[in-house]
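Below is data_24.txt, holding compact mmCIF, N, CA and C atoms.
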# COMPACT_ATOMS: atom_id res chain seq x y z
N GLN I 229 -8.87 -4.81 1.54
CA GLN I 229 -9.48 -3.66 0.93
C GLN I 229 -8.57 -3.06 -0.12
N VAL I 230 -9.17 -2.64 -1.19
CA VAL I 230 -8.44 -1.99 -2.28
C VAL I 230 -9.03 -0.60 -2.49
N GLN I 231 -8.18 0.38 -2.60
CA GLN I 231 -8.61 1.73 -2.89
C GLN I 231 -8.11 2.12 -4.28
N VAL I 232 -8.98 2.77 -5.01
CA VAL I 232 -8.65 3.23 -6.35
C VAL I 232 -8.96 4.72 -6.42
N VAL I 233 -7.97 5.52 -6.78
CA VAL I 233 -8.14 6.96 -6.77
C VAL I 233 -7.68 7.55 -8.10
N GLU I 234 -8.59 8.28 -8.74
CA GLU I 234 -8.26 8.95 -10.00
C GLU I 234 -7.89 10.41 -9.74
N SER I 235 -7.14 10.98 -10.66
CA SER I 235 -6.84 12.41 -10.62
C SER I 235 -6.55 12.90 -12.03
N GLY I 236 -6.62 14.22 -12.19
CA GLY I 236 -6.22 14.81 -13.46
C GLY I 236 -7.33 15.35 -14.32
N GLY I 237 -8.57 15.20 -13.90
CA GLY I 237 -9.66 15.73 -14.70
C GLY I 237 -9.70 17.24 -14.67
N GLY I 238 -10.56 17.82 -15.49
CA GLY I 238 -10.70 19.26 -15.52
C GLY I 238 -11.36 19.74 -16.78
N LEU I 239 -11.27 21.04 -16.99
CA LEU I 239 -11.86 21.68 -18.17
C LEU I 239 -10.77 21.92 -19.21
N VAL I 240 -11.06 21.53 -20.44
CA VAL I 240 -10.10 21.71 -21.52
C VAL I 240 -10.85 22.11 -22.78
N GLN I 241 -10.19 22.89 -23.63
CA GLN I 241 -10.83 23.30 -24.88
C GLN I 241 -10.76 22.17 -25.91
N PRO I 242 -11.67 22.17 -26.86
CA PRO I 242 -11.60 21.17 -27.94
C PRO I 242 -10.24 21.21 -28.62
N GLY I 243 -9.71 20.02 -28.87
CA GLY I 243 -8.39 19.91 -29.47
C GLY I 243 -7.27 19.83 -28.45
N GLY I 244 -7.59 20.08 -27.20
CA GLY I 244 -6.59 20.06 -26.15
C GLY I 244 -6.29 18.67 -25.62
N SER I 245 -5.46 18.63 -24.59
CA SER I 245 -5.02 17.36 -24.01
C SER I 245 -5.17 17.37 -22.50
N LEU I 246 -5.35 16.19 -21.96
CA LEU I 246 -5.37 15.98 -20.51
C LEU I 246 -4.73 14.63 -20.23
N ARG I 247 -4.16 14.51 -19.05
CA ARG I 247 -3.61 13.22 -18.62
C ARG I 247 -4.24 12.85 -17.29
N LEU I 248 -4.92 11.71 -17.29
CA LEU I 248 -5.51 11.18 -16.07
C LEU I 248 -4.56 10.16 -15.45
N SER I 249 -4.59 10.12 -14.13
CA SER I 249 -3.81 9.13 -13.39
C SER I 249 -4.73 8.35 -12.48
N CYS I 250 -4.35 7.12 -12.19
CA CYS I 250 -5.15 6.28 -11.31
C CYS I 250 -4.21 5.39 -10.53
N ALA I 251 -4.33 5.44 -9.22
CA ALA I 251 -3.48 4.63 -8.36
C ALA I 251 -4.32 3.66 -7.54
N ALA I 252 -3.89 2.43 -7.52
CA ALA I 252 -4.53 1.41 -6.69
C ALA I 252 -3.64 1.15 -5.48
N SER I 253 -4.26 1.00 -4.32
CA SER I 253 -3.50 0.76 -3.09
C SER I 253 -4.29 -0.16 -2.18
N GLY I 254 -3.62 -0.62 -1.14
CA GLY I 254 -4.27 -1.51 -0.20
C GLY I 254 -3.83 -2.95 -0.45
N SER I 255 -4.78 -3.85 -0.44
CA SER I 255 -4.49 -5.28 -0.57
C SER I 255 -4.30 -5.67 -2.05
N ILE I 256 -3.19 -5.18 -2.60
CA ILE I 256 -2.86 -5.46 -3.99
C ILE I 256 -1.92 -6.66 -4.02
N PHE I 257 -2.36 -7.75 -4.64
CA PHE I 257 -1.52 -8.94 -4.71
C PHE I 257 -0.92 -9.11 -6.09
N SER I 258 -1.78 -9.14 -7.08
CA SER I 258 -1.30 -9.31 -8.44
C SER I 258 -2.32 -8.67 -9.38
N ILE I 259 -1.88 -7.70 -10.12
CA ILE I 259 -2.80 -6.96 -10.99
C ILE I 259 -3.13 -7.78 -12.23
N GLY I 260 -4.43 -7.93 -12.47
CA GLY I 260 -4.87 -8.58 -13.69
C GLY I 260 -5.04 -7.56 -14.80
N ALA I 261 -5.67 -6.45 -14.45
CA ALA I 261 -5.86 -5.38 -15.42
C ALA I 261 -6.27 -4.12 -14.69
N MET I 262 -5.98 -3.00 -15.32
CA MET I 262 -6.50 -1.71 -14.87
C MET I 262 -6.98 -0.97 -16.10
N GLY I 263 -7.95 -0.10 -15.90
CA GLY I 263 -8.45 0.59 -17.07
C GLY I 263 -9.39 1.72 -16.74
N TRP I 264 -10.01 2.21 -17.80
CA TRP I 264 -10.84 3.39 -17.71
C TRP I 264 -12.19 3.18 -18.40
N TYR I 265 -13.23 3.59 -17.71
CA TYR I 265 -14.56 3.71 -18.28
C TYR I 265 -14.96 5.17 -18.18
N ARG I 266 -15.99 5.53 -18.91
CA ARG I 266 -16.54 6.88 -18.77
C ARG I 266 -18.05 6.83 -18.88
N GLN I 267 -18.66 7.84 -18.27
CA GLN I 267 -20.11 7.94 -18.33
C GLN I 267 -20.49 9.39 -18.56
N ALA I 268 -21.10 9.63 -19.68
CA ALA I 268 -21.59 10.96 -20.02
C ALA I 268 -23.02 11.12 -19.51
N PRO I 269 -23.48 12.33 -19.32
CA PRO I 269 -24.84 12.55 -18.82
C PRO I 269 -25.88 11.87 -19.71
N GLY I 270 -26.73 11.08 -19.09
CA GLY I 270 -27.80 10.42 -19.83
C GLY I 270 -27.37 9.21 -20.61
N LYS I 271 -26.12 8.80 -20.45
CA LYS I 271 -25.62 7.65 -21.20
C LYS I 271 -25.11 6.57 -20.25
N GLU I 272 -24.96 5.38 -20.79
CA GLU I 272 -24.43 4.28 -19.99
C GLU I 272 -22.91 4.38 -19.88
N ARG I 273 -22.38 3.77 -18.85
CA ARG I 273 -20.93 3.72 -18.69
C ARG I 273 -20.34 2.86 -19.79
N GLU I 274 -19.26 3.34 -20.39
CA GLU I 274 -18.64 2.61 -21.49
C GLU I 274 -17.14 2.48 -21.27
N LEU I 275 -16.59 1.39 -21.80
CA LEU I 275 -15.15 1.19 -21.71
C LEU I 275 -14.44 2.20 -22.60
N VAL I 276 -13.38 2.79 -22.06
CA VAL I 276 -12.53 3.69 -22.83
C VAL I 276 -11.25 2.98 -23.23
N ALA I 277 -10.55 2.44 -22.25
CA ALA I 277 -9.28 1.76 -22.51
C ALA I 277 -8.90 0.94 -21.30
N ASP I 278 -8.16 -0.14 -21.55
CA ASP I 278 -7.62 -0.88 -20.43
C ASP I 278 -6.29 -1.51 -20.82
N ILE I 279 -5.58 -1.96 -19.79
CA ILE I 279 -4.26 -2.55 -20.00
C ILE I 279 -4.13 -3.73 -19.04
N THR I 280 -3.69 -4.86 -19.57
CA THR I 280 -3.58 -6.06 -18.77
C THR I 280 -2.22 -6.17 -18.10
N SER I 281 -2.10 -7.17 -17.26
CA SER I 281 -0.82 -7.39 -16.58
C SER I 281 0.29 -7.69 -17.58
N GLY I 282 -0.09 -8.24 -18.72
CA GLY I 282 0.91 -8.54 -19.74
C GLY I 282 1.24 -7.36 -20.62
N GLY I 283 0.53 -6.25 -20.41
CA GLY I 283 0.81 -5.05 -21.19
C GLY I 283 -0.06 -4.87 -22.42
N SER I 284 -1.00 -5.78 -22.64
CA SER I 284 -1.91 -5.64 -23.78
C SER I 284 -2.91 -4.53 -23.51
N THR I 285 -3.16 -3.74 -24.54
CA THR I 285 -4.10 -2.63 -24.40
C THR I 285 -5.31 -2.83 -25.29
N ASN I 286 -6.38 -2.19 -24.89
CA ASN I 286 -7.64 -2.29 -25.61
C ASN I 286 -8.29 -0.92 -25.55
N TYR I 287 -8.80 -0.45 -26.70
CA TYR I 287 -9.40 0.88 -26.76
C TYR I 287 -10.77 0.85 -27.42
N ALA I 288 -11.62 1.74 -26.97
CA ALA I 288 -12.88 1.95 -27.67
C ALA I 288 -12.59 2.56 -29.03
N ASP I 289 -13.38 2.21 -30.01
CA ASP I 289 -13.17 2.75 -31.36
C ASP I 289 -13.18 4.27 -31.37
N SER I 290 -13.99 4.85 -30.51
CA SER I 290 -14.15 6.31 -30.51
C SER I 290 -12.91 7.06 -30.02
N VAL I 291 -11.99 6.36 -29.38
CA VAL I 291 -10.80 7.05 -28.85
C VAL I 291 -9.51 6.56 -29.48
N LYS I 292 -9.58 5.54 -30.32
CA LYS I 292 -8.36 5.01 -30.95
C LYS I 292 -7.64 6.11 -31.73
N GLY I 293 -6.33 6.15 -31.53
CA GLY I 293 -5.53 7.16 -32.21
C GLY I 293 -5.46 8.47 -31.47
N ARG I 294 -6.29 8.66 -30.46
CA ARG I 294 -6.29 9.91 -29.69
C ARG I 294 -5.89 9.67 -28.23
N PHE I 295 -6.31 8.56 -27.67
CA PHE I 295 -6.03 8.25 -26.27
C PHE I 295 -4.99 7.13 -26.18
N THR I 296 -4.16 7.21 -25.16
CA THR I 296 -3.18 6.17 -24.91
C THR I 296 -3.16 5.85 -23.41
N THR I 297 -3.24 4.57 -23.10
CA THR I 297 -3.14 4.16 -21.70
C THR I 297 -1.78 3.51 -21.46
N SER I 298 -1.22 3.75 -20.30
CA SER I 298 0.07 3.19 -19.94
C SER I 298 0.06 2.91 -18.44
N ARG I 299 1.11 2.28 -17.97
CA ARG I 299 1.12 1.90 -16.57
C ARG I 299 2.51 2.02 -15.97
N ASP I 300 2.52 2.13 -14.66
CA ASP I 300 3.74 2.05 -13.88
C ASP I 300 3.48 0.93 -12.86
N THR I 301 3.97 -0.26 -13.16
CA THR I 301 3.64 -1.40 -12.32
C THR I 301 4.20 -1.27 -10.91
N ALA I 302 5.33 -0.60 -10.77
CA ALA I 302 5.94 -0.44 -9.45
C ALA I 302 5.06 0.42 -8.54
N LYS I 303 4.28 1.29 -9.16
CA LYS I 303 3.42 2.20 -8.39
C LYS I 303 1.96 1.80 -8.43
N ASN I 304 1.65 0.66 -9.07
CA ASN I 304 0.25 0.24 -9.24
C ASN I 304 -0.59 1.38 -9.79
N THR I 305 -0.05 2.03 -10.78
CA THR I 305 -0.68 3.23 -11.35
C THR I 305 -0.87 3.07 -12.85
N VAL I 306 -1.98 3.57 -13.32
CA VAL I 306 -2.26 3.57 -14.75
C VAL I 306 -2.59 5.00 -15.16
N TYR I 307 -2.25 5.31 -16.40
CA TYR I 307 -2.45 6.65 -16.93
C TYR I 307 -3.32 6.60 -18.18
N LEU I 308 -3.99 7.70 -18.44
CA LEU I 308 -4.73 7.85 -19.69
C LEU I 308 -4.37 9.20 -20.28
N GLN I 309 -3.58 9.17 -21.34
CA GLN I 309 -3.23 10.39 -22.05
C GLN I 309 -4.28 10.63 -23.12
N MET I 310 -4.94 11.77 -23.02
CA MET I 310 -6.05 12.08 -23.94
C MET I 310 -5.66 13.29 -24.77
N ASN I 311 -5.56 13.08 -26.07
CA ASN I 311 -5.20 14.14 -27.00
C ASN I 311 -6.36 14.40 -27.96
N SER I 312 -6.31 15.53 -28.62
CA SER I 312 -7.34 15.89 -29.61
C SER I 312 -8.74 15.71 -29.03
N LEU I 313 -8.93 16.23 -27.86
CA LEU I 313 -10.20 16.03 -27.15
C LEU I 313 -11.35 16.71 -27.88
N LYS I 314 -12.49 16.07 -27.81
CA LYS I 314 -13.71 16.55 -28.46
C LYS I 314 -14.79 16.79 -27.40
N PRO I 315 -15.75 17.63 -27.69
CA PRO I 315 -16.84 17.84 -26.73
C PRO I 315 -17.53 16.54 -26.32
N GLU I 316 -17.60 15.58 -27.24
CA GLU I 316 -18.25 14.31 -26.90
C GLU I 316 -17.43 13.44 -25.97
N ASP I 317 -16.21 13.85 -25.66
CA ASP I 317 -15.41 13.15 -24.66
C ASP I 317 -15.77 13.59 -23.24
N THR I 318 -16.61 14.59 -23.13
CA THR I 318 -17.03 15.07 -21.82
C THR I 318 -17.76 13.97 -21.08
N ALA I 319 -17.28 13.68 -19.88
CA ALA I 319 -17.85 12.58 -19.09
C ALA I 319 -17.13 12.52 -17.75
N VAL I 320 -17.69 11.72 -16.87
CA VAL I 320 -16.95 11.32 -15.67
C VAL I 320 -16.16 10.07 -16.03
N TYR I 321 -14.87 10.12 -15.77
CA TYR I 321 -13.99 9.01 -16.10
C TYR I 321 -13.70 8.22 -14.83
N TYR I 322 -13.97 6.93 -14.92
CA TYR I 322 -13.78 6.04 -13.79
C TYR I 322 -12.65 5.06 -14.08
N CYS I 323 -11.82 4.88 -13.08
CA CYS I 323 -10.74 3.90 -13.17
C CYS I 323 -11.14 2.64 -12.43
N TYR I 324 -10.66 1.51 -12.93
CA TYR I 324 -10.89 0.27 -12.20
C TYR I 324 -9.60 -0.52 -12.08
N TYR I 325 -9.60 -1.37 -11.08
CA TYR I 325 -8.51 -2.34 -10.86
C TYR I 325 -9.15 -3.72 -10.75
N ARG I 326 -8.55 -4.67 -11.43
CA ARG I 326 -9.02 -6.06 -11.33
C ARG I 326 -7.82 -6.94 -10.99
N GLU I 327 -8.03 -7.76 -10.00
CA GLU I 327 -6.96 -8.65 -9.59
C GLU I 327 -6.80 -9.78 -10.60
N TYR I 328 -5.62 -10.33 -10.67
CA TYR I 328 -5.31 -11.45 -11.57
C TYR I 328 -6.20 -12.64 -11.26
N ARG I 329 -6.77 -13.22 -12.30
CA ARG I 329 -7.65 -14.39 -12.19
C ARG I 329 -8.87 -14.11 -11.32
N ASN I 330 -9.34 -12.90 -11.37
CA ASN I 330 -10.54 -12.51 -10.63
C ASN I 330 -11.35 -11.59 -11.53
N THR I 331 -12.66 -11.76 -11.50
CA THR I 331 -13.50 -10.93 -12.36
C THR I 331 -13.99 -9.66 -11.68
N MET I 332 -13.84 -9.58 -10.36
CA MET I 332 -14.38 -8.42 -9.66
C MET I 332 -13.51 -7.19 -9.91
N LYS I 333 -14.18 -6.07 -10.17
CA LYS I 333 -13.49 -4.81 -10.38
C LYS I 333 -13.67 -3.91 -9.14
N TYR I 334 -12.61 -3.24 -8.79
CA TYR I 334 -12.66 -2.18 -7.79
C TYR I 334 -12.65 -0.85 -8.53
N TRP I 335 -13.54 0.05 -8.13
CA TRP I 335 -13.72 1.29 -8.86
C TRP I 335 -13.31 2.51 -8.05
N GLY I 336 -12.82 3.50 -8.76
CA GLY I 336 -12.62 4.80 -8.15
C GLY I 336 -13.92 5.59 -8.17
N LYS I 337 -13.86 6.78 -7.59
CA LYS I 337 -15.06 7.61 -7.52
C LYS I 337 -15.28 8.44 -8.78
N GLY I 338 -14.29 8.48 -9.64
CA GLY I 338 -14.43 9.18 -10.90
C GLY I 338 -13.83 10.57 -10.88
N THR I 339 -13.45 11.03 -12.06
CA THR I 339 -12.95 12.39 -12.23
C THR I 339 -13.61 12.98 -13.47
N LEU I 340 -14.07 14.22 -13.34
CA LEU I 340 -14.84 14.84 -14.42
C LEU I 340 -13.91 15.48 -15.44
N VAL I 341 -14.17 15.15 -16.70
CA VAL I 341 -13.48 15.78 -17.82
C VAL I 341 -14.53 16.53 -18.63
N THR I 342 -14.30 17.82 -18.79
CA THR I 342 -15.21 18.66 -19.56
C THR I 342 -14.45 19.27 -20.72
N VAL I 343 -14.94 19.01 -21.93
CA VAL I 343 -14.31 19.56 -23.13
C VAL I 343 -15.26 20.60 -23.70
N SER I 344 -14.85 21.84 -23.59
CA SER I 344 -15.74 22.93 -24.00
C SER I 344 -14.93 24.19 -24.26
N SER I 345 -15.43 24.98 -25.20
CA SER I 345 -14.78 26.26 -25.47
C SER I 345 -15.45 27.37 -24.67
Target format structure tokens, applied to this file:
Amino acid sequence: QVQVVESGGGLVQPGGSLRLSCAASGSIFSIGAMGWYRQAPGKERELVADITSGGSTNYADSVKGRFTTSRDTAKNTVYLQMNSLKPEDTAVYYCYYREYRNTMKYWGKGTLVTVSS
């Protein structure tokens, strides 16, 4: 069993910053990738950013230059630093963990980010 737990969401004003954290625990053998998706009300879940075991990162065009993902491999933890937040960034942010050479993703329950004045 693998558990994935996000933290760090909340209410922030436009232009502000938030840092999300995500920790994977349990039967962790070898991390293939960890990352972040988000789902806004009435919209489909979309990829925000991810980072592979080799350290390669990938970002949605809408967050490039504003969001940065990083990891602490010793803690099986990934972070999402979100700067210059916009109201359209409001969503539930979900973290996932994928094992090396496996396509299945384990998901967290999500953390709500609200960008509003």
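Residue nearest Arg294 of chain I, chosen from I:Val230, I:Leu275, I:Leu246, I:Met310 and counting only N, CA and C atoms: I:Met310.
Shortest separation to Gly254 of chain I among I:Ser345, I:Asn311, I:Gln231, I:Ser290 occurs at residue I:Gln231, atoms counted being all atoms listed in the file.
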Name the residues in contact with segment 332-341 of chain I at a cut-off of 6.5 Å, using all atoms listed in the file, excluding same-chain residues fewer than 2 positions from it; report them as a list in words. Gln231, Val232, Val233, Glu234, Ser235, Gly237, Gly238, Leu239, Val240, Asp317, Thr318, Ala319, Val320, Tyr321, Tyr322, Cys323, Tyr324, Tyr325, Arg326, Glu327, Asn330 and Val343 of chain I
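Atom CA of Ile259 of chain I to atom N of Gln229 of chain I spans 14.1 Å [interatomic distance, one decimal].
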Show me the residues close to (-5.8, 10.8, -15.7) - anything with an atom within 6 Å, counting only C-alpha atoms - and format the list as a PyMOL selection string. chain I and resi 235-236+247-249+307-308
Selected residues written out with N, CA and C atoms, as a PDB file, keeping the file's coordinate frame:
ATOM      1  N   SER I 235      -7.140  10.980 -10.660  1.00  0.00           N
ATOM      2  CA  SER I 235      -6.840  12.410 -10.620  1.00  0.00           C
ATOM      3  C   SER I 235      -6.550  12.900 -12.030  1.00  0.00           C
ATOM      4  N   GLY I 236      -6.620  14.220 -12.190  1.00  0.00           N
ATOM      5  CA  GLY I 236      -6.220  14.810 -13.460  1.00  0.00           C
ATOM      6  C   GLY I 236      -7.330  15.350 -14.320  1.00  0.00           C
ATOM      7  N   ARG I 247      -4.160  14.510 -19.050  1.00  0.00           N
ATOM      8  CA  ARG I 247      -3.610  13.220 -18.620  1.00  0.00           C
ATOM      9  C   ARG I 247      -4.240  12.850 -17.290  1.00  0.00           C
ATOM     10  N   LEU I 248      -4.920  11.710 -17.290  1.00  0.00           N
ATOM     11  CA  LEU I 248      -5.510  11.180 -16.070  1.00  0.00           C
ATOM     12  C   LEU I 248      -4.560  10.160 -15.450  1.00  0.00           C
ATOM     13  N   SER I 249      -4.590  10.120 -14.130  1.00  0.00           N
ATOM     14  CA  SER I 249      -3.810   9.130 -13.390  1.00  0.00           C
ATOM     15  C   SER I 249      -4.730   8.350 -12.480  1.00  0.00           C
ATOM     16  N   TYR I 307      -2.250   5.310 -16.400  1.00  0.00           N
ATOM     17  CA  TYR I 307      -2.450   6.650 -16.930  1.00  0.00           C
ATOM     18  C   TYR I 307      -3.320   6.600 -18.180  1.00  0.00           C
ATOM     19  N   LEU I 308      -3.990   7.700 -18.440  1.00  0.00           N
ATOM     20  CA  LEU I 308      -4.730   7.850 -19.690  1.00  0.00           C
ATOM     21  C   LEU I 308      -4.370   9.200 -20.280  1.00  0.00           C
TER      22      LEU I 308
END
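One distance worth recording is that between atom CA of Ser298 of chain I and atom CA of Asn286 of chain I, which is 11.0 Å.
Excluding Tyr287 of chain I and any residue on its chain fewer than 4 positions from it, the residues at most 7 Å away by only N, CA and C atoms are Leu275, Val276, Ala277, Asp278, Val291 and Lys292 of chain I.
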All strand (DSSP E) positions in segment 274-340 of chain I, as an MDAnalysis selection string: chainID I and resid 274:280 285:287 295:300 305:310 319:327 333:335 339:340
Residues near Tyr328 of chain I, cut-off 10 Å, only C-alpha atoms, skip fewer than 5 positions along chain, as an MDAnalysis selection string: chainID I and resid 256:261 280:281
Between atom N of Cys250 of chain I and atom CA of Thr305 of chain I, distance in Å (one decimal): 5.4 Å
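Shortest separation to Ser312 of chain I among I:Ile279, I:Thr331, I:Lys271, I:Gly293 occurs at residue I:Gly293, atoms counted being only C-alpha atoms.
Residues of chain I that DSSP, applied to the backbone, places in helix (DSSP H, G or I): Thr301, Ala302, Lys303, Pro315, Glu316 and Asp317 of chain I.
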Okay, now the selection with N, CA and C atoms, as a PDB file, keeping the file's coordinate frame?
ATOM      1  N   THR I 301       3.970  -0.260 -13.160  1.00  0.00           N
ATOM      2  CA  THR I 301       3.640  -1.400 -12.320  1.00  0.00           C
ATOM      3  C   THR I 301       4.200  -1.270 -10.910  1.00  0.00           C
ATOM      4  N   ALA I 302       5.330  -0.600 -10.770  1.00  0.00           N
ATOM      5  CA  ALA I 302       5.940  -0.440  -9.450  1.00  0.00           C
ATOM      6  C   ALA I 302       5.060   0.420  -8.540  1.00  0.00           C
ATOM      7  N   LYS I 303       4.280   1.290  -9.160  1.00  0.00           N
ATOM      8  CA  LYS I 303       3.420   2.200  -8.390  1.00  0.00           C
ATOM      9  C   LYS I 303       1.960   1.800  -8.430  1.00  0.00           C
ATOM     10  N   PRO I 315     -15.750  17.630 -27.690  1.00  0.00           N
ATOM     11  CA  PRO I 315     -16.840  17.840 -26.730  1.00  0.00           C
ATOM     12  C   PRO I 315     -17.530  16.540 -26.320  1.00  0.00           C
ATOM     13  N   GLU I 316     -17.600  15.580 -27.240  1.00  0.00           N
ATOM     14  CA  GLU I 316     -18.250  14.310 -26.900  1.00  0.00           C
ATOM     15  C   GLU I 316     -17.430  13.440 -25.970  1.00  0.00           C
ATOM     16  N   ASP I 317     -16.210  13.850 -25.660  1.00  0.00           N
ATOM     17  CA  ASP I 317     -15.410  13.150 -24.660  1.00  0.00           C
ATOM     18  C   ASP I 317     -15.770  13.590 -23.240  1.00  0.00           C
TER      19      ASP I 317
END
Box for segment 301-312 of chain I - axis-aligned, 8 Å on each of the six sides, all listed atoms - centre and size in Å to one decimal, as lines of an AutoDock Vina configuration file.
center_x = -1.4
center_y = 7.2
center_z = -19.0
size_x = 30.7
size_y = 33.3
size_z = 37.2
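Proximity to Lys314 of chain I was assessed for I:Gln267, I:Thr301, I:Thr296, I:Ser344 counting all atoms listed in the file; the smallest distance is recorded for I:Ser344.
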Repair of segment 294-302 of chain I at the level of all heavy atoms, as an mmCIF file, in the coordinates of the input:
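Result file part_13.cif:
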data_model
loop_
_atom_site.group_PDB
_atom_site.id
_atom_site.type_symbol
_atom_site.label_atom_id
_atom_site.label_comp_id
_atom_site.auth_asym_id
_atom_site.auth_seq_id
_atom_site.Cartn_x
_atom_site.Cartn_y
_atom_site.Cartn_z
ATOM 1 N N ARG I 294 -6.290 8.660 -30.460
ATOM 2 C CA ARG I 294 -6.290 9.910 -29.690
ATOM 3 C C ARG I 294 -5.890 9.670 -28.230
ATOM 4 O O ARG I 294 -5.239 10.527 -27.628
ATOM 5 C CB ARG I 294 -7.672 10.558 -29.721
ATOM 6 C CG ARG I 294 -8.148 10.912 -31.114
ATOM 7 C CD ARG I 294 -9.443 11.742 -31.073
ATOM 8 N NE ARG I 294 -10.554 11.018 -30.465
ATOM 9 C CZ ARG I 294 -11.225 11.441 -29.402
ATOM 10 N NH1 ARG I 294 -10.899 12.580 -28.824
ATOM 11 N NH2 ARG I 294 -12.241 10.729 -28.920
ATOM 12 N N PHE I 295 -6.310 8.560 -27.670
ATOM 13 C CA PHE I 295 -6.030 8.250 -26.270
ATOM 14 C C PHE I 295 -4.990 7.130 -26.180
ATOM 15 O O PHE I 295 -4.981 6.217 -27.009
ATOM 16 C CB PHE I 295 -7.290 7.783 -25.546
ATOM 17 C CG PHE I 295 -8.355 8.833 -25.338
ATOM 18 C CD1 PHE I 295 -8.296 10.073 -25.952
ATOM 19 C CD2 PHE I 295 -9.424 8.566 -24.517
ATOM 20 C CE1 PHE I 295 -9.271 11.033 -25.764
ATOM 21 C CE2 PHE I 295 -10.420 9.505 -24.302
ATOM 22 C CZ PHE I 295 -10.342 10.744 -24.925
ATOM 23 N N THR I 296 -4.160 7.210 -25.160
ATOM 24 C CA THR I 296 -3.180 6.170 -24.910
ATOM 25 C C THR I 296 -3.160 5.850 -23.410
ATOM 26 O O THR I 296 -3.063 6.763 -22.584
ATOM 27 C CB THR I 296 -1.774 6.625 -25.332
ATOM 28 O OG1 THR I 296 -1.785 6.983 -26.719
ATOM 29 C CG2 THR I 296 -0.759 5.509 -25.114
ATOM 30 N N THR I 297 -3.240 4.570 -23.100
ATOM 31 C CA THR I 297 -3.140 4.160 -21.700
ATOM 32 C C THR I 297 -1.780 3.510 -21.460
ATOM 33 O O THR I 297 -1.252 2.826 -22.350
ATOM 34 C CB THR I 297 -4.284 3.217 -21.308
ATOM 35 O OG1 THR I 297 -4.273 3.019 -19.890
ATOM 36 C CG2 THR I 297 -4.201 1.871 -22.004
ATOM 37 N N SER I 298 -1.220 3.750 -20.300
ATOM 38 C CA SER I 298 0.070 3.190 -19.940
ATOM 39 C C SER I 298 0.060 2.910 -18.440
ATOM 40 O O SER I 298 -0.890 3.269 -17.743
ATOM 41 C CB SER I 298 1.203 4.147 -20.313
ATOM 42 O OG SER I 298 1.049 5.390 -19.633
ATOM 43 N N ARG I 299 1.110 2.280 -17.970
ATOM 44 C CA ARG I 299 1.120 1.900 -16.570
ATOM 45 C C ARG I 299 2.510 2.020 -15.970
ATOM 46 O O ARG I 299 3.514 2.008 -16.678
ATOM 47 C CB ARG I 299 0.660 0.446 -16.434
ATOM 48 C CG ARG I 299 1.592 -0.503 -17.152
ATOM 49 C CD ARG I 299 1.166 -1.947 -17.083
ATOM 50 N NE ARG I 299 2.147 -2.767 -17.799
ATOM 51 C CZ ARG I 299 2.163 -4.078 -17.755
ATOM 52 N NH1 ARG I 299 1.273 -4.722 -17.025
ATOM 53 N NH2 ARG I 299 3.077 -4.756 -18.426
ATOM 54 N N ASP I 300 2.520 2.130 -14.660
ATOM 55 C CA ASP I 300 3.740 2.050 -13.880
ATOM 56 C C ASP I 300 3.480 0.930 -12.860
ATOM 57 O O ASP I 300 2.816 1.148 -11.841
ATOM 58 C CB ASP I 300 4.034 3.376 -13.180
ATOM 59 C CG ASP I 300 5.342 3.361 -12.421
ATOM 60 O OD1 ASP I 300 5.778 2.264 -11.989
ATOM 61 O OD2 ASP I 300 5.921 4.431 -12.228
ATOM 62 N N THR I 301 3.970 -0.260 -13.160
ATOM 63 C CA THR I 301 3.640 -1.400 -12.320
ATOM 64 C C THR I 301 4.200 -1.270 -10.910
ATOM 65 O O THR I 301 3.606 -1.752 -9.954
ATOM 66 C CB THR I 301 4.166 -2.698 -12.958
ATOM 67 O OG1 THR I 301 5.558 -2.560 -13.241
ATOM 68 C CG2 THR I 301 3.433 -2.990 -14.253
ATOM 69 N N ALA I 302 5.330 -0.600 -10.770
ATOM 70 C CA ALA I 302 5.940 -0.440 -9.450
ATOM 71 C C ALA I 302 5.060 0.420 -8.540
ATOM 72 O O ALA I 302 5.096 0.273 -7.323
ATOM 73 C CB ALA I 302 7.318 0.180 -9.584
#
